[in-house]
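Participant: So I've got this file, protein.csv, and it contains CSV, C-alpha atoms:
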chain,number,residue,atom,x,y,z
A,3,MET,CA,-3.7,54.1,-25.2
A,4,THR,CA,-5.0,54.6,-21.7
A,5,ALA,CA,-1.9,54.5,-19.5
A,6,SER,CA,0.3,57.5,-19.2
A,7,LEU,CA,3.7,57.1,-20.7
A,8,PHE,CA,5.4,59.6,-18.4
A,9,GLU,CA,3.5,59.5,-15.1
A,10,ALA,CA,3.2,57.0,-12.4
A,11,SER,CA,1.5,57.6,-9.0
A,12,ARG,CA,4.6,59.0,-7.2
A,13,ILE,CA,7.1,59.8,-9.9
A,14,ARG,CA,7.3,61.1,-13.5
A,15,LEU,CA,9.7,60.9,-16.3
A,16,ALA,CA,10.8,64.4,-17.4
A,17,PRO,CA,13.4,65.9,-19.7
A,18,PRO,CA,16.6,67.0,-17.9
A,19,ASP,CA,16.6,70.6,-16.7
A,20,PRO,CA,20.3,71.5,-17.0
A,21,GLU,CA,20.0,74.8,-15.1
A,22,HIS,CA,18.6,73.1,-12.0
A,23,ASP,CA,19.5,69.5,-12.3
A,24,ALA,CA,23.3,69.7,-12.8
A,25,GLU,CA,23.9,70.9,-9.3
A,26,VAL,CA,21.9,67.9,-7.9
A,27,GLU,CA,23.5,65.3,-10.1
A,28,SER,CA,27.0,66.7,-9.4
A,29,ALA,CA,26.4,65.9,-5.7
A,30,TRP,CA,25.5,62.3,-6.6
A,31,THR,CA,28.7,61.8,-8.5
A,32,HIS,CA,30.7,62.7,-5.3
A,33,ASP,CA,29.3,59.5,-3.8
A,34,ALA,CA,31.7,56.8,-5.1
A,35,GLU,CA,29.3,54.1,-3.8
A,36,TYR,CA,26.6,55.3,-6.2
A,37,GLN,CA,29.0,55.4,-9.1
A,38,ARG,CA,30.3,51.9,-8.4
A,39,LEU,CA,26.8,50.5,-8.2
A,40,LEU,CA,26.0,52.0,-11.6
A,41,SER,CA,29.1,51.4,-13.7
A,42,ALA,CA,32.5,49.8,-13.9
A,43,ASP,CA,34.1,53.0,-15.0
A,44,PRO,CA,36.5,54.6,-12.5
A,45,ALA,CA,34.4,56.8,-10.1
A,46,ARG,CA,35.0,60.4,-10.9
A,47,PRO,CA,33.2,63.4,-9.3
A,48,LEU,CA,31.8,65.8,-11.9
A,49,SER,CA,31.3,69.5,-11.5
A,50,PRO,CA,27.9,70.9,-12.4
A,51,ALA,CA,29.5,72.3,-15.6
A,52,GLN,CA,30.6,68.7,-16.5
A,53,VAL,CA,27.2,67.3,-15.8
A,54,LYS,CA,25.7,70.0,-18.2
A,55,GLN,CA,28.1,68.9,-20.9
A,56,LYS,CA,26.9,65.3,-20.3
A,57,TYR,CA,23.3,66.5,-20.9
A,58,GLU,CA,24.3,68.3,-24.0
A,59,ALA,CA,26.1,65.1,-25.3
A,60,ILE,CA,22.9,63.1,-24.6
A,61,GLU,CA,20.8,65.6,-26.5
A,62,LYS,CA,23.0,65.1,-29.6
A,63,GLU,CA,22.4,61.3,-29.5
A,64,HIS,CA,18.6,61.6,-29.4
A,65,ASP,CA,18.1,58.9,-32.0
A,66,LYS,CA,20.3,56.4,-30.2
A,67,GLN,CA,19.2,57.0,-26.6
A,68,PHE,CA,16.2,58.0,-24.6
A,69,TYR,CA,17.1,59.8,-21.4
A,70,PHE,CA,14.7,60.8,-18.7
A,71,ALA,CA,15.1,62.6,-15.4
A,72,VAL,CA,13.1,60.9,-12.7
A,73,ARG,CA,11.3,63.5,-10.6
A,74,THR,CA,8.8,63.1,-7.7
A,75,ARG,CA,5.3,63.9,-8.7
A,76,GLU,CA,4.0,66.9,-6.8
A,77,ALA,CA,0.6,68.7,-6.8
A,78,ASP,CA,2.3,71.9,-7.7
A,79,GLY,CA,5.8,72.6,-9.0
A,80,PRO,CA,8.1,70.4,-11.1
A,81,GLY,CA,9.0,67.9,-8.3
A,82,ARG,CA,12.3,67.0,-6.9
A,83,LEU,CA,15.0,65.4,-9.1
A,84,ILE,CA,15.7,61.9,-7.6
A,85,GLY,CA,17.3,59.9,-10.4
A,86,PHE,CA,17.4,59.0,-14.1
A,87,ALA,CA,16.2,56.3,-16.4
A,88,GLN,CA,17.7,55.8,-19.8
A,89,LEU,CA,17.5,53.5,-22.8
A,90,GLU,CA,20.8,53.5,-24.6
A,91,TRP,CA,22.5,51.7,-27.5
A,92,VAL,CA,19.2,51.4,-29.2
A,93,ASP,CA,19.8,48.9,-32.1
A,94,TRP,CA,16.9,49.5,-34.4
A,95,LEU,CA,17.9,46.8,-36.8
A,96,HIS,CA,17.5,44.1,-34.2
A,97,GLY,CA,15.1,45.8,-31.8
A,98,ALA,CA,17.3,45.9,-28.8
A,99,ALA,CA,18.5,48.4,-26.2
A,100,ARG,CA,20.1,48.7,-22.8
A,101,LEU,CA,18.4,50.1,-19.7
A,102,ASN,CA,20.2,52.1,-17.1
A,103,LEU,CA,18.5,53.4,-14.0
A,104,GLY,CA,19.7,55.1,-10.9
A,105,ILE,CA,18.2,56.7,-7.8
A,106,GLY,CA,20.8,59.3,-6.7
A,107,ALA,CA,20.5,59.9,-3.0
A,108,PRO,CA,20.6,56.9,-0.6
A,109,ALA,CA,17.6,58.3,1.3
A,110,ASP,CA,15.5,58.0,-1.9
A,111,ARG,CA,16.3,54.3,-2.4
A,112,GLY,CA,14.1,51.5,-1.2
A,113,GLN,CA,11.0,53.6,-1.6
A,114,GLY,CA,9.7,52.1,-4.8
A,115,PHE,CA,10.6,55.1,-6.9
A,116,GLY,CA,13.0,53.0,-9.0
A,117,SER,CA,10.3,50.4,-9.7
A,118,GLN,CA,7.8,52.9,-10.9
A,119,ALA,CA,10.5,54.4,-13.2
A,120,ALA,CA,11.4,51.0,-14.5
A,121,CYS,CA,7.7,50.2,-15.3
A,122,LEU,CA,7.4,53.5,-17.2
A,123,ILE,CA,10.5,53.1,-19.2
A,124,LEU,CA,9.9,49.4,-20.0
A,125,ASN,CA,6.4,50.3,-21.3
A,126,TYR,CA,8.1,53.0,-23.4
A,127,ALA,CA,10.7,50.6,-24.7
A,128,PHE,CA,8.2,48.0,-25.8
A,129,ASP,CA,5.0,50.0,-26.6
A,130,GLU,CA,6.5,53.2,-28.0
A,131,LEU,CA,9.8,52.1,-29.5
A,132,GLY,CA,8.5,48.6,-30.4
A,133,LEU,CA,11.7,46.9,-29.2
A,134,HIS,CA,12.0,43.1,-29.0
A,135,ARG,CA,14.3,43.0,-25.9
A,136,VAL,CA,15.9,45.2,-23.3
A,137,ALA,CA,19.2,44.4,-21.5
A,138,ALA,CA,20.6,45.6,-18.3
A,139,ILE,CA,23.9,44.9,-16.6
A,140,THR,CA,25.0,44.9,-13.0
A,141,PHE,CA,27.8,43.5,-10.9
A,142,GLU,CA,28.3,40.6,-8.5
A,143,TYR,CA,28.8,43.2,-5.7
A,144,ASN,CA,25.4,44.7,-6.2
A,145,PRO,CA,22.9,42.0,-5.3
A,146,ARG,CA,20.2,44.5,-4.7
A,147,ALA,CA,20.2,45.5,-8.4
A,148,ALA,CA,20.2,41.9,-9.4
A,149,ARG,CA,17.0,41.3,-7.3
A,150,PHE,CA,15.5,44.4,-8.7
A,151,LEU,CA,16.0,43.2,-12.2
A,152,GLU,CA,14.6,39.7,-11.4
A,153,ARG,CA,11.5,41.3,-9.8
A,154,HIS,CA,10.9,43.2,-13.0
A,155,GLY,CA,11.0,40.0,-15.2
A,156,PHE,CA,14.7,40.1,-16.3
A,157,SER,CA,16.7,36.8,-16.5
A,158,LEU,CA,20.4,36.4,-15.9
A,159,GLU,CA,21.8,35.7,-19.4
A,160,VAL,CA,25.5,36.1,-19.1
A,161,ARG,CA,28.0,35.9,-16.2
A,162,GLN,CA,31.1,37.5,-17.5
A,163,ARG,CA,33.6,36.0,-15.0
A,164,GLN,CA,35.9,38.3,-13.1
A,165,ALA,CA,35.3,41.2,-15.5
A,166,VAL,CA,35.5,44.0,-12.9
A,167,GLN,CA,38.3,45.0,-10.5
A,168,ARG,CA,37.2,46.6,-7.2
A,169,ASP,CA,38.8,46.7,-3.8
A,170,PHE,CA,41.7,44.3,-4.5
A,171,ARG,CA,39.6,41.5,-6.1
A,172,ARG,CA,37.8,40.7,-9.2
A,173,TRP,CA,34.0,40.4,-9.6
A,174,ASP,CA,31.6,39.0,-12.2
A,175,LYS,CA,29.7,41.3,-14.5
A,176,LEU,CA,26.1,40.1,-14.9
A,177,HIS,CA,24.0,40.7,-18.0
A,178,TYR,CA,20.3,40.5,-17.7
A,179,GLY,CA,17.7,40.4,-20.5
A,180,LEU,CA,13.9,40.9,-20.8
A,181,LEU,CA,12.0,39.9,-23.9
A,182,ARG,CA,8.9,41.7,-25.1
A,183,SER,CA,6.7,38.6,-24.5
A,184,GLU,CA,8.0,38.3,-20.9
A,185,TRP,CA,7.2,41.9,-20.1
A,186,ALA,CA,3.7,41.6,-21.6
A,187,ALA,CA,3.0,38.7,-19.3
A,188,LEU,CA,4.3,40.3,-16.2
A,189,ARG,CA,3.6,44.1,-16.5
A,190,ALA,CA,0.2,44.1,-15.0
A,191,ALA,CA,1.3,42.3,-11.8
A,192,VAL,CA,4.4,44.5,-11.4
A,193,GLU,CA,2.5,47.7,-12.0
A,194,THR,CA,-0.2,46.8,-9.5
A,195,SER,CA,2.3,46.1,-6.8
A,196,GLY,CA,3.0,49.9,-7.3
A,197,GLY,CA,6.7,49.6,-7.0
A,198,ASP,CA,6.3,48.3,-3.4
A,199,ALA,CA,7.1,44.6,-4.3
A,200,GLY,CA,9.8,42.7,-2.5
A,201,ARG,CA,10.6,45.1,0.2
B,1,MET,CA,61.0,36.3,-27.6
B,2,GLU,CA,60.4,39.1,-30.1
B,3,GLN,CA,60.5,36.7,-33.0
B,4,THR,CA,57.8,34.5,-31.6
B,5,LEU,CA,55.5,36.9,-29.8
B,6,LEU,CA,53.4,37.6,-32.9
B,7,ARG,CA,54.0,34.4,-34.8
B,8,GLY,CA,51.8,31.3,-34.8
B,9,GLU,CA,52.1,27.9,-36.6
B,10,GLN,CA,50.5,29.0,-39.8
B,11,VAL,CA,50.0,32.8,-39.5
B,12,ARG,CA,51.6,35.9,-38.1
B,13,LEU,CA,50.1,39.1,-36.8
B,14,ALA,CA,51.4,42.2,-38.6
B,15,ALA,CA,50.8,45.9,-38.7
B,16,PRO,CA,47.8,46.6,-41.0
B,17,ASN,CA,49.0,48.3,-44.1
B,18,LEU,CA,45.9,50.1,-45.4
B,19,GLU,CA,47.5,51.6,-48.4
B,20,ALA,CA,48.4,48.1,-49.8
B,21,ASP,CA,45.6,46.1,-48.3
B,22,ALA,CA,42.4,48.2,-48.5
B,23,GLU,CA,41.4,46.7,-51.9
B,24,THR,CA,41.6,43.1,-50.5
B,25,ILE,CA,39.7,44.1,-47.4
B,26,ALA,CA,37.0,45.8,-49.4
B,27,SER,CA,36.5,42.7,-51.6
B,28,TRP,CA,35.6,40.6,-48.6
B,29,SER,CA,32.4,42.6,-48.1
B,30,ARG,CA,30.9,41.3,-51.3
B,31,ASN,CA,30.2,38.1,-49.4
B,32,SER,CA,27.4,39.1,-47.0
B,33,GLU,CA,27.9,35.8,-45.2
B,34,TYR,CA,31.2,37.2,-44.0
B,35,THR,CA,29.7,40.5,-42.8
B,36,HIS,CA,26.8,38.7,-41.1
B,37,MET,CA,29.3,36.8,-39.0
B,38,LEU,CA,31.4,39.9,-38.3
B,39,GLN,CA,29.0,42.6,-37.2
B,40,THR,CA,25.4,43.2,-36.0
B,41,GLY,CA,24.9,46.0,-38.6
B,42,ALA,CA,23.4,45.5,-42.0
B,43,PRO,CA,25.9,44.3,-44.6
B,44,ARG,CA,27.3,47.2,-46.6
B,45,LEU,CA,29.6,47.1,-49.6
B,46,TRP,CA,32.9,48.5,-48.7
B,47,THR,CA,35.2,50.4,-51.1
B,48,ALA,CA,38.9,50.7,-50.8
B,49,PRO,CA,38.8,54.5,-49.9
B,50,GLY,CA,36.0,53.8,-47.4
B,51,VAL,CA,38.0,51.0,-45.8
B,52,LYS,CA,41.0,53.4,-45.5
B,53,ALA,CA,38.9,56.1,-44.0
B,54,ASP,CA,36.9,54.0,-41.5
B,55,LEU,CA,39.6,51.6,-40.3
B,56,GLY,CA,42.2,54.4,-40.4
B,57,THR,CA,40.1,56.4,-38.0
B,58,TRP,CA,39.4,53.5,-35.8
B,59,TRP,CA,42.9,52.2,-35.7
B,60,TYR,CA,45.1,55.2,-35.7
B,61,ASP,CA,43.1,57.9,-34.0
B,62,GLU,CA,45.1,59.7,-31.3
B,63,LYS,CA,42.2,59.1,-28.9
B,64,THR,CA,42.1,55.4,-29.3
B,65,LYS,CA,45.7,54.4,-29.9
B,66,ASP,CA,46.4,53.4,-26.3
B,67,ARG,CA,43.5,51.1,-26.2
B,68,VAL,CA,42.9,49.7,-29.6
B,69,PHE,CA,45.4,47.2,-31.0
B,70,PRO,CA,44.8,46.2,-34.7
B,71,PHE,CA,46.5,43.5,-36.6
B,72,ALA,CA,46.6,42.1,-40.1
B,73,ILE,CA,46.6,38.3,-40.2
B,74,ARG,CA,49.1,37.1,-42.8
B,75,LEU,CA,50.0,33.6,-43.8
B,76,LEU,CA,53.6,32.5,-42.9
B,77,ASP,CA,53.7,30.7,-46.3
B,78,GLY,CA,53.7,33.5,-48.9
B,79,ASP,CA,52.8,36.4,-46.6
B,80,ARG,CA,49.3,36.8,-48.1
B,81,LEU,CA,46.7,38.9,-46.1
B,82,ILE,CA,43.9,36.6,-45.0
B,83,GLY,CA,42.1,38.5,-42.2
B,84,LEU,CA,42.0,41.1,-39.6
B,85,THR,CA,41.8,41.1,-35.8
B,86,ASP,CA,41.8,43.7,-33.1
B,87,LEU,CA,41.8,44.1,-29.3
B,88,GLU,CA,39.9,47.0,-27.7
B,89,ILE,CA,40.4,47.9,-24.1
B,90,ASN,CA,37.4,49.9,-22.9
B,91,ASP,CA,38.7,50.7,-19.6
B,92,TRP,CA,42.3,50.1,-18.6
B,93,PRO,CA,41.7,49.8,-14.8
B,94,GLN,CA,39.5,46.7,-15.4
B,95,ARG,CA,42.2,45.0,-17.5
B,96,GLU,CA,39.8,43.5,-19.9
B,97,ALA,CA,39.8,43.6,-23.7
B,98,TRP,CA,37.1,42.9,-26.3
B,99,LEU,CA,38.3,41.2,-29.4
B,100,ALA,CA,37.2,40.7,-33.0
B,101,ILE,CA,38.6,38.5,-35.6
B,102,GLY,CA,37.7,37.7,-39.2
B,103,ILE,CA,39.1,35.6,-41.9
B,104,GLY,CA,38.0,37.3,-45.1
B,105,ALA,CA,37.8,34.9,-48.1
B,106,ARG,CA,35.6,31.8,-48.0
B,107,ASP,CA,38.5,29.7,-49.4
B,108,ASP,CA,40.5,30.5,-46.3
B,109,TRP,CA,37.7,29.4,-43.8
B,110,GLY,CA,37.9,26.1,-42.0
B,111,ARG,CA,41.7,25.7,-42.3
B,112,GLY,CA,42.6,26.6,-38.7
B,113,TYR,CA,44.0,30.0,-39.5
B,114,GLY,CA,41.6,31.8,-37.2
B,115,THR,CA,42.3,29.5,-34.3
B,116,ASP,CA,46.0,29.9,-34.8
B,117,ALA,CA,45.7,33.7,-35.0
B,118,MET,CA,43.5,33.7,-31.9
B,119,ARG,CA,46.2,31.9,-29.9
B,120,VAL,CA,48.8,34.5,-31.0
B,121,LEU,CA,46.4,37.3,-30.1
B,122,MET,CA,45.8,35.7,-26.6
B,123,ARG,CA,49.5,35.5,-26.0
B,124,PHE,CA,49.8,39.2,-27.0
B,125,ALA,CA,47.0,40.1,-24.7
B,126,PHE,CA,48.2,38.2,-21.6
B,127,ALA,CA,52.0,38.3,-22.0
B,128,GLU,CA,52.4,41.8,-23.5
B,129,LEU,CA,49.4,43.8,-22.4
B,130,ASN,CA,49.1,42.1,-19.0
B,131,LEU,CA,45.4,41.8,-19.3
B,132,GLU,CA,43.2,39.8,-16.9
B,133,ARG,CA,40.5,38.6,-19.3
B,134,LEU,CA,39.3,38.6,-22.9
B,135,THR,CA,35.8,38.8,-24.1
B,136,LEU,CA,34.2,38.2,-27.5
B,137,ASN,CA,30.7,38.0,-28.9
B,138,VAL,CA,29.7,35.5,-31.5
B,139,PHE,CA,26.4,35.0,-33.2
B,140,ALA,CA,24.6,31.7,-32.6
B,141,TYR,CA,24.5,30.8,-36.3
B,142,ASN,CA,28.3,31.0,-36.5
B,143,GLU,CA,29.0,27.5,-35.2
B,144,ARG,CA,32.4,27.2,-36.8
B,145,ALA,CA,33.6,30.3,-35.0
B,146,VAL,CA,32.3,28.9,-31.6
B,147,ARG,CA,34.2,25.7,-32.2
B,148,SER,CA,37.4,27.6,-33.0
B,149,TYR,CA,37.1,29.8,-29.9
B,150,LEU,CA,36.5,26.7,-27.7
B,151,LYS,CA,39.6,25.1,-29.2
B,152,ALA,CA,41.6,28.2,-28.4
B,153,GLY,CA,40.6,28.1,-24.8
B,154,PHE,CA,37.5,30.3,-24.5
B,155,VAL,CA,34.4,29.2,-22.6
B,156,VAL,CA,30.8,30.2,-23.2
B,157,GLU,CA,29.7,32.6,-20.4
B,158,GLY,CA,26.1,33.0,-21.5
B,159,ARG,CA,23.8,34.2,-24.3
B,160,LEU,CA,21.7,37.3,-24.9
B,161,ARG,CA,18.5,35.6,-26.0
B,162,GLU,CA,17.1,36.6,-29.4
B,163,ARG,CA,19.4,39.5,-29.6
B,164,LEU,CA,19.7,39.3,-33.4
B,165,ARG,CA,17.1,39.3,-36.1
B,166,ARG,CA,18.1,38.1,-39.5
B,167,GLY,CA,15.1,37.9,-41.8
B,168,ASP,CA,12.3,36.2,-40.0
B,169,GLN,CA,14.5,34.4,-37.5
B,170,ARG,CA,15.9,35.5,-34.2
B,171,TYR,CA,19.3,34.3,-32.9
B,172,ASP,CA,21.1,34.5,-29.6
B,173,MET,CA,24.3,36.5,-29.2
B,174,ILE,CA,26.8,34.3,-27.3
B,175,PHE,CA,29.4,35.7,-24.9
B,176,MET,CA,32.7,33.9,-24.6
B,177,GLY,CA,35.6,34.7,-22.3
B,178,VAL,CA,39.0,33.5,-21.3
B,179,LEU,CA,40.8,34.5,-18.0
B,180,ARG,CA,44.5,35.0,-17.6
B,181,ASN,CA,44.5,32.0,-15.2
B,182,ASP,CA,42.7,29.8,-17.8
B,183,TRP,CA,45.4,30.7,-20.3
B,184,LEU,CA,48.3,30.1,-17.9
B,185,ALA,CA,46.9,26.7,-17.0
B,186,GLN,CA,46.5,25.8,-20.6
B,187,ARG,CA,50.1,26.8,-21.3
B,188,GLN,CA,51.3,24.6,-18.4
B,189,GLN,CA,49.3,21.7,-19.8
B,190,ALA,CA,50.7,22.2,-23.3
B,191,GLY,CA,54.2,21.8,-21.9
B,192,PRO,CA,57.4,23.2,-23.2
B,193,THR,CA,56.7,22.2,-26.8
B,194,GLY,CA,53.7,24.5,-26.8
B,195,ALA,CA,51.3,22.0,-28.4
B,196,ALA,CA,48.4,24.3,-27.5
B,197,GLY,CA,49.9,27.0,-29.5
B,198,ALA,CA,51.2,29.1,-26.6
B,199,LYS,CA,54.7,28.7,-27.8
B,200,GLU,CA,57.7,30.4,-26.3
B,201,PRO,CA,61.4,29.7,-26.9
B,202,SER,CA,62.5,27.4,-24.1
B,203,GLN,CA,65.8,29.1,-23.6
Hey, can you dump this file as structure tokens for me?

Facilitator:
Amino acid sequence: MTASLFEASRIRLAPPDPEHDAEVESAWTHDAEYQRLLSADPARPLSPAQVKQKYEAIEKEHDKQFYFAVRTREADGPGRLIGFAQLEWVDWLHGAARLNLGIGAPADRGQGFGSQAACLILNYAFDELGLHRVAAITFEYNPRAARFLERHGFSLEVRQRQAVQRDFRRWDKLHYGLLRSEWAALRAAVETSGGDAGR
Amino acid sequence: MEQTLLRGEQVRLAAPNLEADAETIASWSRNSEYTHMLQTGAPRLWTAPGVKADLGTWWYDEKTKDRVFPFAIRLLDGDRLIGLTDLEINDWPQREAWLAIGIGARDDWGRGYGTDAMRVLMRFAFAELNLERLTLNVFAYNERAVRSYLKAGFVVEGRLRERLRRGDQRYDMIFMGVLRNDWLAQRQQAGPTGAAGAKEPSQ
């Protein structure tokens, strides 16, 4: 019970703050590259009002998903919104869930923020929710996400061949998985590297 | 073409008729072995009104009707209802559907009905809906289903390790898929007689 569930050295997990965050997240959704790295859904820009509706929908699902805003950790003030980390499709019967994680602005990527957020939310998944496994998906055209997942202990479990259509060709959808025992063996090393590993 | 699109060697795919069939569908849930193969959720006993409400919402909702295609599986011989199947397209731009199939009564298992229905469903998916691939999940303890899907032309694309817990045991969830090109090649191989089940009238 010593480690903080919501705070790492440079970021923290926080509830979304619709009044201020919707504007920031709306800007991310105008970056089609960001949307394509995250999801196979057609990229659609969202207005701040639409982002607020999304937060409200998430709030209603609070027993099936755990959604956190990722903010920079500042000595004073709430910190800057830089991304999100989410466990969704929590299947309590079998102890499984899916992880989604994104750092919104290109300038904030590659700084280790995502790694710190991943460590926090994986600890949350296994220690707090008592899950047995966490899944994550990415796409053949996002090798950076694949490396990120591997660095955090995930194994490639399924290669769904040619499941995604982008830019006039088809790409594989990759399913990764991390078991509780695997995270237990790896967490100390990943946390110590402070989210600076592999760069 | 219309006569054969939804017809296999032993079964045909028909519109589900919940008014007439809900009682039969509900009776399948008494066998928890069936529900364990069909879904991750805990087995529940279904009632005829419950089946009508749940499946009715899922199959005929205005919001889902352009992306969910449900069928009753009926025997050609006697027209008895033996199972259900559906295709769900999550996202039309990706041209992929997820499918589910179940043969309800234990006496109807192991007779090739599911494989036959699957071949008809694949033809519907590729020839009628113009999809690029089909995906399904099957649980590792359901070896008969895996064999049936392999026979129909699916390949194993991977497994989510220990995804299911049944009692004290954990089991993998297997992903299987078939591409439009796999299916076309399989048809070519089967030749004009359609021995692999992908039968079309030759004229």

Participant: Write out as a PyMOL selection string each polymer residue whose atoms come within 12 Å of Asp93 in chain A, counting all atoms listed in the file; drop sequence neighbours fewer than 5 positions from it.

Facilitator: (chain A and resi 65-67+98-100+127+131-137) or (chain B and resi 40-42+163-165)

Participant: Counting only C-alpha atoms, which residues of range 15-40 of chain B fall within 8 Å of range 99-109 of chain B, and what is the closest atom pair for each with its distance in Å at one decimal, ordered by chain and rising number, as CSV?

Facilitator:
residue,atom,partner,partner_atom,distance
B:Ile25,CA,B:Gly104,CA,7.4
B:Trp28,CA,B:Gly104,CA,5.4
B:Tyr34,CA,B:Gly104,CA,6.9
B:Leu38,CA,B:Gly102,CA,6.7

Participant: Report, in Å to a single decimal, how far apart CA of Leu131 in chain B and CA of Leu75 in chain B are.

Facilitator: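 Straight-line distance from CA of Leu75 in chain B to CA of Leu131 in chain B works out to 26.2 Å.
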
Participant: What gap, in Å, lies between CA of Ala72 in chain B and CA of Val146 in chain B?

Facilitator: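 Separation of CA of Ala72 in chain B and CA of Val146 in chain B: 21.2 Å.
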
Participant: Counting all atoms listed in the file, collect the residues of chain A whose closest atom lies at most 9 Å from chain B, and write them out as a list in words.

Facilitator: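 Every residue of chain A that passes the 9 Å test is in Ala42, Asp43, Pro44, Asp93, Leu95, His96, Gly97, Ala98, His134, Arg135, Ala137, Leu158, Glu159, Val160, Arg161, Gln162, Arg163, Gln164, Ala165, Val166, Gln167, Arg168, Arg172, His177, Tyr178, Gly179, Leu180 and Leu181 of chain A.
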
Participant: Store the residues picked out above in a file with C-alpha atoms, as a PDB file, in the coordinates of the input.

Facilitator:
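Writing done, so here's selection_39.pdb:
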ATOM      1  CA  ALA A  42      32.500  49.800 -13.900  1.00  0.00           C
ATOM      2  CA  ASP A  43      34.100  53.000 -15.000  1.00  0.00           C
ATOM      3  CA  PRO A  44      36.500  54.600 -12.500  1.00  0.00           C
ATOM      4  CA  ASP A  93      19.800  48.900 -32.100  1.00  0.00           C
ATOM      5  CA  LEU A  95      17.900  46.800 -36.800  1.00  0.00           C
ATOM      6  CA  HIS A  96      17.500  44.100 -34.200  1.00  0.00           C
ATOM      7  CA  GLY A  97      15.100  45.800 -31.800  1.00  0.00           C
ATOM      8  CA  ALA A  98      17.300  45.900 -28.800  1.00  0.00           C
ATOM      9  CA  HIS A 134      12.000  43.100 -29.000  1.00  0.00           C
ATOM     10  CA  ARG A 135      14.300  43.000 -25.900  1.00  0.00           C
ATOM     11  CA  ALA A 137      19.200  44.400 -21.500  1.00  0.00           C
ATOM     12  CA  LEU A 158      20.400  36.400 -15.900  1.00  0.00           C
ATOM     13  CA  GLU A 159      21.800  35.700 -19.400  1.00  0.00           C
ATOM     14  CA  VAL A 160      25.500  36.100 -19.100  1.00  0.00           C
ATOM     15  CA  ARG A 161      28.000  35.900 -16.200  1.00  0.00           C
ATOM     16  CA  GLN A 162      31.100  37.500 -17.500  1.00  0.00           C
ATOM     17  CA  ARG A 163      33.600  36.000 -15.000  1.00  0.00           C
ATOM     18  CA  GLN A 164      35.900  38.300 -13.100  1.00  0.00           C
ATOM     19  CA  ALA A 165      35.300  41.200 -15.500  1.00  0.00           C
ATOM     20  CA  VAL A 166      35.500  44.000 -12.900  1.00  0.00           C
ATOM     21  CA  GLN A 167      38.300  45.000 -10.500  1.00  0.00           C
ATOM     22  CA  ARG A 168      37.200  46.600  -7.200  1.00  0.00           C
ATOM     23  CA  ARG A 172      37.800  40.700  -9.200  1.00  0.00           C
ATOM     24  CA  HIS A 177      24.000  40.700 -18.000  1.00  0.00           C
ATOM     25  CA  TYR A 178      20.300  40.500 -17.700  1.00  0.00           C
ATOM     26  CA  GLY A 179      17.700  40.400 -20.500  1.00  0.00           C
ATOM     27  CA  LEU A 180      13.900  40.900 -20.800  1.00  0.00           C
ATOM     28  CA  LEU A 181      12.000  39.900 -23.900  1.00  0.00           C
TER      29      LEU A 181
END

Participant: Please indicate the distance in Å from CA of Asp77 in chain B to CA of Val11 in chain B, rounded to one decimal place.

Facilitator: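 So the two atoms, CA of Asp77 in chain B and CA of Val11 in chain B, lie 8.0 Å apart.
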
Participant: Using all atoms listed in the file, which residue out of A:Asp78, A:Ala51, A:Gln88, A:Glu58 lies closest to Ala16 in chain A?

Facilitator: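 Distance minimum relative to Ala16 in chain A lands on A:Gln88.
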